[in-house]
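J.: For reference, the file target.txt (compact mmCIF, C-alpha atoms) is included below:
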# COMPACT_ATOMS: atom_id res chain seq x y z
CA MET A 119 -20.19 -16.33 17.40
CA LYS A 120 -18.86 -18.84 14.86
CA LEU A 121 -16.70 -17.90 11.89
CA VAL A 122 -15.46 -20.09 9.09
CA THR A 123 -13.04 -19.59 6.22
CA TYR A 124 -12.99 -21.95 3.23
CA ASN A 125 -11.13 -21.87 -0.07
CA ILE A 126 -13.77 -23.66 -2.16
CA GLN A 127 -11.67 -24.17 -5.31
CA TYR A 128 -14.64 -22.97 -7.42
CA SER A 129 -16.63 -25.85 -5.83
CA CYS A 130 -14.50 -28.62 -7.36
CA GLY A 131 -14.24 -31.33 -4.72
CA ARG A 132 -11.63 -33.98 -3.99
CA ASP A 133 -13.63 -36.34 -6.19
CA GLY A 134 -13.58 -33.89 -9.11
CA VAL A 135 -17.32 -33.24 -8.78
CA TYR A 136 -18.50 -29.60 -8.78
CA SER A 137 -21.04 -29.02 -6.03
CA LEU A 138 -21.97 -25.71 -4.45
CA GLU A 139 -24.59 -27.60 -2.39
CA ARG A 140 -21.76 -29.48 -0.70
CA ILE A 141 -19.95 -26.22 0.00
CA ALA A 142 -23.08 -24.64 1.47
CA GLU A 143 -23.64 -27.61 3.77
CA SER A 144 -20.04 -27.36 5.01
CA VAL A 145 -20.38 -23.75 6.16
CA ARG A 146 -24.05 -23.56 7.16
CA GLY A 147 -24.40 -22.62 10.80
CA ALA A 148 -21.57 -20.11 10.97
CA ASP A 149 -22.42 -16.50 11.79
CA LEU A 150 -19.76 -15.21 9.42
CA ILE A 151 -18.41 -17.04 6.35
CA ALA A 152 -15.32 -16.05 4.35
CA LEU A 153 -14.97 -17.90 1.03
CA GLN A 154 -12.20 -17.77 -1.53
CA GLU A 155 -12.05 -18.93 -5.17
CA VAL A 156 -15.73 -18.18 -5.78
CA GLU A 157 -16.21 -17.30 -9.44
CA ARG A 158 -18.59 -16.12 -12.12
CA ASN A 159 -18.69 -17.01 -15.80
CA TRP A 160 -15.83 -19.49 -15.93
CA ILE A 161 -16.04 -22.39 -18.34
CA ARG A 162 -14.64 -24.89 -15.82
CA SER A 163 -17.54 -24.20 -13.44
CA GLY A 164 -20.23 -24.19 -16.10
CA MET A 165 -20.43 -20.38 -16.49
CA ALA A 166 -22.30 -20.35 -13.18
CA ASP A 167 -22.84 -17.22 -11.13
CA GLN A 168 -21.44 -18.89 -8.01
CA PRO A 169 -21.94 -16.01 -5.54
CA ALA A 170 -25.60 -15.71 -6.54
CA GLU A 171 -26.05 -19.49 -6.30
CA LEU A 172 -24.41 -19.60 -2.87
CA GLY A 173 -26.67 -16.73 -1.82
CA ARG A 174 -29.68 -18.80 -2.88
CA LEU A 175 -28.37 -21.91 -1.09
CA LEU A 176 -27.76 -19.89 2.08
CA PRO A 177 -30.81 -17.61 2.18
CA GLU A 178 -30.38 -16.75 5.86
CA TYR A 179 -27.20 -14.81 5.05
CA HIS A 180 -26.37 -11.35 3.73
CA TRP A 181 -23.50 -11.53 1.24
CA ILE A 182 -21.02 -9.47 -0.72
CA TYR A 183 -18.73 -10.48 -3.55
CA ALA A 184 -15.96 -8.97 -5.64
CA ALA A 185 -13.55 -10.61 -8.07
CA PRO A 186 -9.97 -9.25 -8.05
CA TYR A 187 -9.77 -9.57 -11.82
CA ASP A 188 -11.58 -10.83 -14.87
CA LEU A 189 -10.70 -12.00 -18.36
CA ASP A 190 -12.64 -11.13 -21.48
CA ALA A 191 -14.80 -9.10 -19.16
CA SER A 192 -16.65 -6.67 -21.37
CA GLU A 193 -20.30 -7.25 -22.18
CA ARG A 194 -22.40 -6.42 -25.19
CA ASP A 195 -26.07 -7.09 -25.91
CA MET B 249 -17.01 -13.60 -0.79
CA LEU B 250 -18.34 -12.79 2.69
CA LEU B 251 -21.64 -14.03 4.10
CA SER B 252 -23.02 -12.78 7.39
CA ARG B 253 -26.13 -13.49 9.42
CA THR B 254 -26.26 -9.81 10.31
CA PRO B 255 -26.32 -7.16 7.58
CA ILE B 256 -23.02 -6.14 6.02
CA LEU B 257 -23.18 -2.40 6.55
CA THR B 258 -20.54 -1.39 4.06
CA SER B 259 -17.95 -3.09 1.89
CA ARG B 260 -15.07 -2.45 -0.45
CA HIS B 261 -12.42 -4.42 -2.26
CA HIS B 262 -8.71 -3.82 -1.74
CA LEU B 263 -6.45 -4.99 -4.54
CA LEU B 264 -3.07 -6.27 -3.39
CA PRO B 265 0.41 -5.91 -4.96
CA LYS B 266 1.13 -8.30 -7.82
CA TYR B 267 4.32 -9.51 -9.47
CA ARG B 268 4.42 -10.06 -13.22
CA THR B 269 5.62 -13.62 -13.63
CA ILE B 270 6.96 -14.57 -17.04
CA ARG B 271 6.30 -18.28 -17.24
CA HIS B 272 4.19 -19.37 -14.25
CA ASN B 273 0.58 -18.40 -13.80
CA SER B 274 0.14 -15.53 -11.34
CA LEU B 275 -3.13 -13.78 -10.50
CA GLN B 276 -4.26 -10.42 -9.20
CA ARG B 277 -5.19 -10.89 -5.54
CA GLY B 278 -7.50 -8.90 -3.30
CA ALA B 279 -9.01 -8.56 0.15
CA LEU B 280 -12.76 -8.07 0.39
CA GLU B 281 -13.68 -5.87 3.35
CA GLY B 282 -17.00 -5.80 5.16
CA VAL B 283 -18.23 -4.12 8.32
CA ILE B 284 -20.78 -6.10 10.29
CA GLU B 285 -22.71 -5.53 13.45
CA THR B 286 -22.13 -7.90 16.37
CA PRO B 287 -23.39 -7.85 19.96
CA ALA B 288 -19.89 -6.59 20.86
CA GLY B 289 -20.13 -3.71 18.38
CA LEU B 290 -19.06 -3.10 14.81
CA LEU B 291 -16.42 -5.40 13.38
CA ARG B 292 -14.21 -5.06 10.31
CA VAL B 293 -13.77 -8.40 8.52
CA TYR B 294 -11.82 -9.53 5.46
CA SER B 295 -11.92 -12.49 3.12
CA LEU B 296 -8.66 -12.72 1.19
CA HIS B 297 -6.38 -14.93 -0.85
CA LEU B 298 -2.63 -14.25 -1.12
CA ALA B 299 -0.23 -15.20 -3.92
CA ASP B 300 0.80 -18.84 -4.07
CA LEU B 301 4.14 -18.68 -5.90
CA ILE B 302 6.47 -16.08 -4.43
CA ALA B 303 7.19 -15.42 -0.74
CA GLU B 304 8.48 -11.91 -1.46
CA GLU B 305 5.23 -11.06 -3.24
CA ARG B 306 3.26 -12.34 -0.26
CA LEU B 307 5.37 -10.15 2.04
CA GLU B 308 4.41 -7.11 -0.03
CA GLN B 309 0.77 -8.16 0.12
CA ILE B 310 1.01 -8.59 3.90
CA ALA B 311 2.61 -5.13 4.20
CA ALA B 312 -0.32 -3.73 2.18
CA LEU B 313 -2.79 -5.44 4.53
CA PHE B 314 -1.04 -4.00 7.57
CA ALA B 315 -0.99 -0.55 5.97
CA LEU B 316 -4.72 -0.60 5.28
CA ASN B 317 -5.39 -1.94 8.78
CA GLU B 318 -3.36 0.85 10.36
CA ARG B 319 -5.09 3.44 8.17
CA ALA B 320 -8.57 2.06 8.72
CA VAL B 321 -9.79 4.34 11.49
CA ARG B 322 -8.15 7.42 9.96
CA ASP B 323 -9.58 6.75 6.49
CA GLY B 324 -13.01 5.79 7.78
CA TRP B 325 -15.78 4.13 5.83
CA PRO B 326 -15.81 3.94 2.05
CA TRP B 327 -18.04 6.99 2.27
CA SER B 328 -18.00 9.63 4.95
CA GLY B 329 -19.71 12.87 5.82
CA ALA B 330 -23.40 13.61 5.59
CA ASP B 331 -24.18 15.34 2.33
CA SER B 332 -26.92 17.84 3.06
CA ARG B 333 -27.08 19.00 -0.57
CA ARG B 334 -29.12 16.82 -2.94
CA SER B 335 -29.45 14.23 -0.17
CA GLU B 336 -32.21 12.54 -2.19
CA LEU B 337 -29.49 11.29 -4.54
CA TRP B 338 -27.57 9.44 -1.84
CA GLN B 339 -28.61 6.44 0.21
CA GLN B 340 -26.64 7.17 3.36
CA SER B 341 -28.32 9.05 6.15
CA GLY B 342 -26.32 10.96 8.71
CA ALA B 343 -22.59 10.69 9.20
CA ALA B 344 -20.78 7.37 8.83
CA PRO B 345 -20.03 5.57 12.09
CA GLU B 346 -16.41 5.31 13.15
CA MET B 347 -14.52 2.52 11.43
CA PRO B 348 -13.78 -0.17 14.01
CA ALA B 349 -10.09 -0.46 14.90
CA GLU B 350 -10.34 -4.20 15.52
CA ALA B 351 -10.48 -6.54 12.56
CA ILE B 352 -10.55 -10.19 11.53
CA PHE B 353 -8.57 -11.41 8.50
CA MET B 354 -9.69 -14.77 7.14
CA GLY B 355 -8.59 -16.64 4.09
CA ASP B 356 -6.07 -18.67 2.17
CA PHE B 357 -2.78 -16.96 2.99
CA ASN B 358 -0.73 -19.49 1.02
CA LEU B 359 1.98 -19.45 3.67
CA GLU B 360 3.25 -21.95 6.19
CA PRO B 361 3.67 -21.51 9.93
CA GLY B 362 7.25 -20.57 10.71
CA SER B 363 7.83 -18.89 7.34
CA PRO B 364 9.04 -15.27 7.14
CA GLU B 365 5.54 -14.31 5.97
CA TYR B 366 3.98 -15.95 9.03
CA GLU B 367 6.44 -14.06 11.26
CA ALA B 368 5.57 -10.83 9.46
CA ILE B 369 1.94 -11.36 10.48
CA VAL B 370 2.19 -12.69 14.03
CA GLY B 371 5.49 -11.21 15.23
CA PRO B 372 8.73 -12.76 16.41
CA LYS B 373 9.32 -15.91 18.40
CA ARG B 374 12.10 -16.61 20.85
CA ALA B 375 13.08 -20.11 21.88
CA ASP B 376 12.75 -19.50 25.61
CA ILE B 377 9.56 -17.42 25.73
CA GLY B 378 7.74 -18.35 22.55
CA ARG B 379 5.73 -16.01 20.33
CA ILE B 380 5.96 -12.38 21.43
CA LEU B 381 2.60 -10.64 21.13
CA VAL B 382 3.15 -7.25 19.53
CA GLY B 383 0.27 -4.82 19.64
CA HIS B 384 0.27 -3.92 15.96
CA LYS B 385 0.67 -7.54 14.76
CA LEU B 386 -2.11 -10.09 14.37
CA VAL B 387 -2.95 -13.20 16.39
CA ASP B 388 -3.36 -16.63 14.79
CA ALA B 389 -6.68 -17.98 16.11
CA TRP B 390 -5.43 -21.57 15.74
CA ALA B 391 -2.32 -21.05 17.89
CA ALA B 392 -4.11 -18.79 20.38
CA THR B 393 -6.61 -21.56 21.19
CA GLY B 394 -4.05 -24.13 22.23
CA HIS B 395 -2.94 -25.69 18.94
CA GLY B 396 0.67 -26.01 17.90
CA GLU B 397 1.59 -23.55 15.17
CA ASP B 398 3.11 -26.38 13.15
CA LYS B 399 0.10 -28.65 13.65
CA GLY B 400 -3.07 -28.84 11.59
CA VAL B 401 -3.58 -29.36 7.88
CA THR B 402 -5.88 -27.34 5.64
CA LEU B 403 -4.44 -28.53 2.33
CA TYR B 404 -3.59 -32.19 1.87
CA ALA B 405 -0.84 -33.19 -0.51
CA ASP B 406 -2.15 -34.73 -3.69
CA PRO B 407 0.57 -36.67 -5.50
CA ALA B 408 -1.40 -36.23 -8.72
CA VAL B 409 -1.17 -32.45 -8.46
CA ASP B 410 1.71 -30.18 -7.60
CA ALA B 411 1.20 -29.75 -3.84
CA PRO B 412 4.30 -31.33 -2.35
CA VAL B 413 3.34 -31.43 1.34
CA SER B 414 0.26 -31.33 3.51
CA THR B 415 0.20 -28.05 5.36
CA ARG B 416 -1.78 -25.30 7.03
CA LEU B 417 -2.42 -22.47 4.57
CA ASP B 418 -5.83 -21.21 5.72
CA TYR B 419 -6.00 -18.93 8.73
CA CYS B 420 -8.06 -16.63 10.84
CA PHE B 421 -5.93 -13.78 12.18
CA VAL B 422 -7.35 -11.18 14.55
CA THR B 423 -6.07 -7.85 15.82
CA ALA B 424 -4.54 -8.01 19.31
CA GLY B 425 -7.58 -6.41 20.92
CA LEU B 426 -9.79 -9.31 19.80
CA ALA B 427 -7.39 -12.05 20.92
CA PRO B 428 -8.97 -12.45 24.41
CA ARG B 429 -12.27 -13.20 22.65
CA LEU B 430 -10.93 -16.27 20.83
CA LYS B 431 -12.51 -19.40 22.31
CA ASP B 432 -11.89 -22.27 19.94
CA CYS B 433 -10.58 -23.14 16.50
CA TRP B 434 -10.91 -26.34 14.53
CA ILE B 435 -10.34 -27.70 11.05
CA ASP B 436 -13.16 -29.65 9.39
CA ASP B 437 -11.14 -32.62 8.15
CA GLY B 438 -14.21 -34.33 6.73
CA ALA B 439 -15.17 -31.69 4.16
CA GLU B 440 -14.61 -32.98 0.63
CA GLY B 441 -16.00 -30.11 -1.43
CA SER B 442 -12.62 -28.56 -2.29
CA ASP B 443 -8.89 -29.24 -2.11
CA HIS B 444 -8.83 -27.09 1.07
CA GLN B 445 -10.52 -27.69 4.42
CA PRO B 446 -12.78 -25.22 6.22
CA VAL B 447 -11.25 -23.58 9.29
CA TRP B 448 -13.73 -22.72 12.03
CA VAL B 449 -13.31 -20.21 14.86
CA GLU B 450 -15.51 -19.54 17.84
CA MET B 451 -15.29 -16.09 19.35
CA ASP B 452 -16.95 -14.46 22.31
CA LEU B 453 -18.56 -11.54 20.48
Starting from the file, lay out its structure as C-alpha cells.

T.:
Amino acid sequence: MKLVTYNIQYSCGRDGVYSLERIAESVRGADLIALQEVERNWIRSGMADQPAELGRLLPEYHWIYAAPYDLDASERD
Amino acid sequence: MLLSRTPILTSRHHLLPKYRTIRHNSLQRGALEGVIETPAGLLRVYSLHLADLIAEERLEQIAALFALNERAVRDGWPWSGADSRRSELWQQSGAAPEMPAEAIFMGDFNLEPGSPEYEAIVGPKRADIGRILVGHKLVDAWAATGHGEDKGVTLYADPAVDAPVSTRLDYCFVTAGLAPRLKDCWIDDGAEGSDHQPVWVEMDL
C-alpha cells in the first residue's frame, strides 16, 4: 500500500502557476493521499473549490475535507 | 484533505492549540481524521499541518495529538452505540466498530529533525545506541526505512522568500505497532506543483 503526503500550497507551484492538475498527477497512484493547504473560496486561488476540483481530477478516490478556520465565512442568498 | 482508494468510513476534524501572535501571521491548525479499511484491518489516518512560527506552540499541538491518539480507542468513533429508537433518522446501522489503536500521522509538521518537537514525537536518542523506540511514541517512516534523520529535503530554500534553509518538514509518522510494516519512503524531488515536495511511503498493509 502506497501513501503520500503533500503540502500543495493551494496549488501554487515553484513557477508561480496555479495548477491542481499538476498536483493530481503528482499523487495519482497512491492508495492514501494526505494533502495540506487545500482551500475553498480564496481570492489568490481564484475562489476555486479546490477539494471538489481535486475530487473530480482523482475520481477513483473517496475524499474528505475540513478547513481549520475561515474568514468572512457566513453566506447569504 | 484525505483521499483514499477504499471508502473513508468515518471522519472528524480535531482543532489544535493556537497562540495569539500580535504581529506575525498565525493560523488555526487542525488534524483531519479518517478511518479506512485496509487488507490488514481498519486504520486511523490523519492529515495535519502544525504551526510554522513557534516551537512551543508546536509542542502543545504535538501533546494534543498524542492525547487524542491515546484516547482514541477509549473514545471510539465519532458516533457510537446503536440507536434502536427512531433508527430511520440515523444512517448508522448496528454498533460502531472498535476504533483502531494503530494510526498514521501525515503532513507538514513544520519542524526539523533533531529539534525538541521531533524528539517529542519519536522519543529520545543516545549517542551510543541511537533512537530509543518507546511504545507510546511514533516512528518516522523516513528514518525507519534506512534514511538518515538529518537527510532529505521537502522544502527547498527560496532566497526570494523567507525560508532560510532547505529542510525536511513533511513526515509520515506511524504508531509503534505499524513500524514493522514500513517498507520504503522516498521524496519526489521532481514535483514542481508547490513549494513543498511529496513524501511517499510504502507499507505492507

J.: Residues of chain B no more than 6 Å from chain A, counting all atoms listed in the file: send them over as a list of chain:residue names.

T.: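 Residues passing the distance filter: B:Met249, B:Leu250, B:Leu251, B:Ser252, B:Arg253, B:Pro255, B:Gln276, B:Arg277, B:Gly278, B:Ser295, B:Met354, B:Gly355, B:Glu440, B:Gly441, B:Ser442, B:Asp443, B:His444, B:Pro446, B:Val447, B:Trp448, B:Val449, B:Glu450, B:Met451, B:Leu453.
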
J.: Where's the centre, and what are the edge lengths in Å to one decimal, of a box along x, y and z enclosing all listed atoms of range 140-144 of chain A padded 3 Å per side, as AutoDock Vina command-line options?

T.:
--center_x -21.8 --center_y -27.1 --center_z 2.2 --size_x 9.7 --size_y 10.8 --size_z 11.7

J.: Range 281-286 of chain B: which residues within 7 Å, counting all atoms listed in the file, same-chain residues fewer than 4 positions away excluded, as an NGL selection string?

T.: :B and (254-261 or 290-295 or 453)

J.: Save out the residues we just selected, C-alpha atoms, as an mmCIF file, in the coordinates of the input.

T.:
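Saved file part.cif follows:
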data_model
loop_
_atom_site.group_PDB
_atom_site.id
_atom_site.type_symbol
_atom_site.label_atom_id
_atom_site.label_comp_id
_atom_site.auth_asym_id
_atom_site.auth_seq_id
_atom_site.Cartn_x
_atom_site.Cartn_y
_atom_site.Cartn_z
ATOM 1 C CA THR B 254 -26.260 -9.810 10.310
ATOM 2 C CA PRO B 255 -26.320 -7.160 7.580
ATOM 3 C CA ILE B 256 -23.020 -6.140 6.020
ATOM 4 C CA LEU B 257 -23.180 -2.400 6.550
ATOM 5 C CA THR B 258 -20.540 -1.390 4.060
ATOM 6 C CA SER B 259 -17.950 -3.090 1.890
ATOM 7 C CA ARG B 260 -15.070 -2.450 -0.450
ATOM 8 C CA HIS B 261 -12.420 -4.420 -2.260
ATOM 9 C CA LEU B 290 -19.060 -3.100 14.810
ATOM 10 C CA LEU B 291 -16.420 -5.400 13.380
ATOM 11 C CA ARG B 292 -14.210 -5.060 10.310
ATOM 12 C CA VAL B 293 -13.770 -8.400 8.520
ATOM 13 C CA TYR B 294 -11.820 -9.530 5.460
ATOM 14 C CA SER B 295 -11.920 -12.490 3.120
ATOM 15 C CA LEU B 453 -18.560 -11.540 20.480
#

J.: Could you work out how far CA of Asp418 in chain B lies from CA of Asp437 in chain B, giving the answer in Å with one decimal?

T.: 12.8 Å

J.: Compile the contact shell of Ile369 in chain B as a ChimeraX atom specification: residues with an atom at most 6 Å away, counting all atoms listed in the file, same-chain residues fewer than 2 positions apart removed.

T.: /B:366-367,371,385-386

J.: Report, in Å to a single decimal, how far apart CA of Ala427 in chain B and CA of Ala349 in chain B are.

T.: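 Going from CA of Ala349 in chain B over to CA of Ala427 in chain B, I get 13.3 Å.
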
J.: Do a neighbour search on range 304-317 of chain B at 8 Å with all atoms listed in the file, toss out local chain neighbours closer than 2 positions, and write the hits as a list in words.

T.: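 The filter keeps Leu264, Pro265, Lys266, Tyr267, Leu298, Ala299, Asp300, Ile302, Arg319, Ala320, Ala349, Ala351, Glu365, Ala368 and Ile369 of chain B.
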
J.: Using all atoms listed in the file, determine which residues lie at most 6 Å from range 397-413 of chain B, disregarding the query and same-chain residues fewer than 3 positions distant; provide the list as a short mmCIF file (atom, residue, chain, number, x, y, z; two decimals) with C-alpha atoms, in the frame of the given file.

T.:
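The result, written out as part.cif:
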data_model
loop_
_atom_site.label_atom_id
_atom_site.label_comp_id
_atom_site.auth_asym_id
_atom_site.auth_seq_id
_atom_site.Cartn_x
_atom_site.Cartn_y
_atom_site.Cartn_z
CA PRO B 361 3.67 -21.51 9.93
CA ALA B 391 -2.32 -21.05 17.89
CA ARG B 416 -1.78 -25.30 7.03
CA HIS B 444 -8.83 -27.09 1.07
CA GLN B 445 -10.52 -27.69 4.42
#

J.: Would you compute the distance between CA of Leu189 in chain A and CA of Asp167 in chain A? Give it in Å to one decimal.

T.: 15.1 Å

J.: Restore N, CA and C atoms in range 128-141 of chain A and list the result as a PDB file, keeping the file's coordinate frame.

T.:
ATOM      1  N   TYR A 128     -13.504 -23.117  -6.495  1.00  0.00           N
ATOM      2  CA  TYR A 128     -14.640 -22.970  -7.420  1.00  0.00           C
ATOM      3  C   TYR A 128     -15.615 -24.144  -7.365  1.00  0.00           C
ATOM      4  N   SER A 129     -15.698 -24.764  -6.178  1.00  0.00           N
ATOM      5  CA  SER A 129     -16.630 -25.850  -5.830  1.00  0.00           C
ATOM      6  C   SER A 129     -16.209 -27.208  -6.372  1.00  0.00           C
ATOM      7  N   CYS A 130     -14.978 -27.323  -6.858  1.00  0.00           N
ATOM      8  CA  CYS A 130     -14.500 -28.620  -7.360  1.00  0.00           C
ATOM      9  C   CYS A 130     -13.936 -29.430  -6.197  1.00  0.00           C
ATOM     10  N   GLY A 131     -14.596 -30.532  -5.889  1.00  0.00           N
ATOM     11  CA  GLY A 131     -14.240 -31.330  -4.720  1.00  0.00           C
ATOM     12  C   GLY A 131     -13.090 -32.287  -4.962  1.00  0.00           C
ATOM     13  N   ARG A 132     -12.726 -33.003  -3.909  1.00  0.00           N
ATOM     14  CA  ARG A 132     -11.630 -33.980  -3.990  1.00  0.00           C
ATOM     15  C   ARG A 132     -11.924 -35.056  -5.027  1.00  0.00           C
ATOM     16  N   ASP A 133     -13.226 -35.313  -5.230  1.00  0.00           N
ATOM     17  CA  ASP A 133     -13.630 -36.340  -6.190  1.00  0.00           C
ATOM     18  C   ASP A 133     -13.778 -35.775  -7.612  1.00  0.00           C
ATOM     19  N   GLY A 134     -13.468 -34.490  -7.784  1.00  0.00           N
ATOM     20  CA  GLY A 134     -13.580 -33.890  -9.110  1.00  0.00           C
ATOM     21  C   GLY A 134     -14.987 -33.423  -9.456  1.00  0.00           C
ATOM     22  N   VAL A 135     -15.929 -33.651  -8.543  1.00  0.00           N
ATOM     23  CA  VAL A 135     -17.320 -33.240  -8.780  1.00  0.00           C
ATOM     24  C   VAL A 135     -17.500 -31.791  -8.310  1.00  0.00           C
ATOM     25  N   TYR A 136     -18.195 -30.983  -9.147  1.00  0.00           N
ATOM     26  CA  TYR A 136     -18.500 -29.600  -8.780  1.00  0.00           C
ATOM     27  C   TYR A 136     -19.824 -29.563  -8.039  1.00  0.00           C
ATOM     28  N   SER A 137     -19.802 -29.071  -6.800  1.00  0.00           N
ATOM     29  CA  SER A 137     -21.040 -29.020  -6.030  1.00  0.00           C
ATOM     30  C   SER A 137     -21.041 -27.850  -5.056  1.00  0.00           C
ATOM     31  N   LEU A 138     -21.815 -26.826  -5.383  1.00  0.00           N
ATOM     32  CA  LEU A 138     -21.970 -25.710  -4.450  1.00  0.00           C
ATOM     33  C   LEU A 138     -22.853 -26.114  -3.269  1.00  0.00           C
ATOM     34  N   GLU A 139     -23.761 -27.107  -3.487  1.00  0.00           N
ATOM     35  CA  GLU A 139     -24.590 -27.600  -2.390  1.00  0.00           C
ATOM     36  C   GLU A 139     -23.710 -28.148  -1.277  1.00  0.00           C
ATOM     37  N   ARG A 140     -22.674 -28.888  -1.684  1.00  0.00           N
ATOM     38  CA  ARG A 140     -21.760 -29.480  -0.700  1.00  0.00           C
ATOM     39  C   ARG A 140     -21.009 -28.385   0.061  1.00  0.00           C
ATOM     40  N   ILE A 141     -20.620 -27.344  -0.656  1.00  0.00           N
ATOM     41  CA  ILE A 141     -19.950 -26.220   0.000  1.00  0.00           C
ATOM     42  C   ILE A 141     -20.883 -25.562   1.017  1.00  0.00           C
TER      43      ILE A 141
END
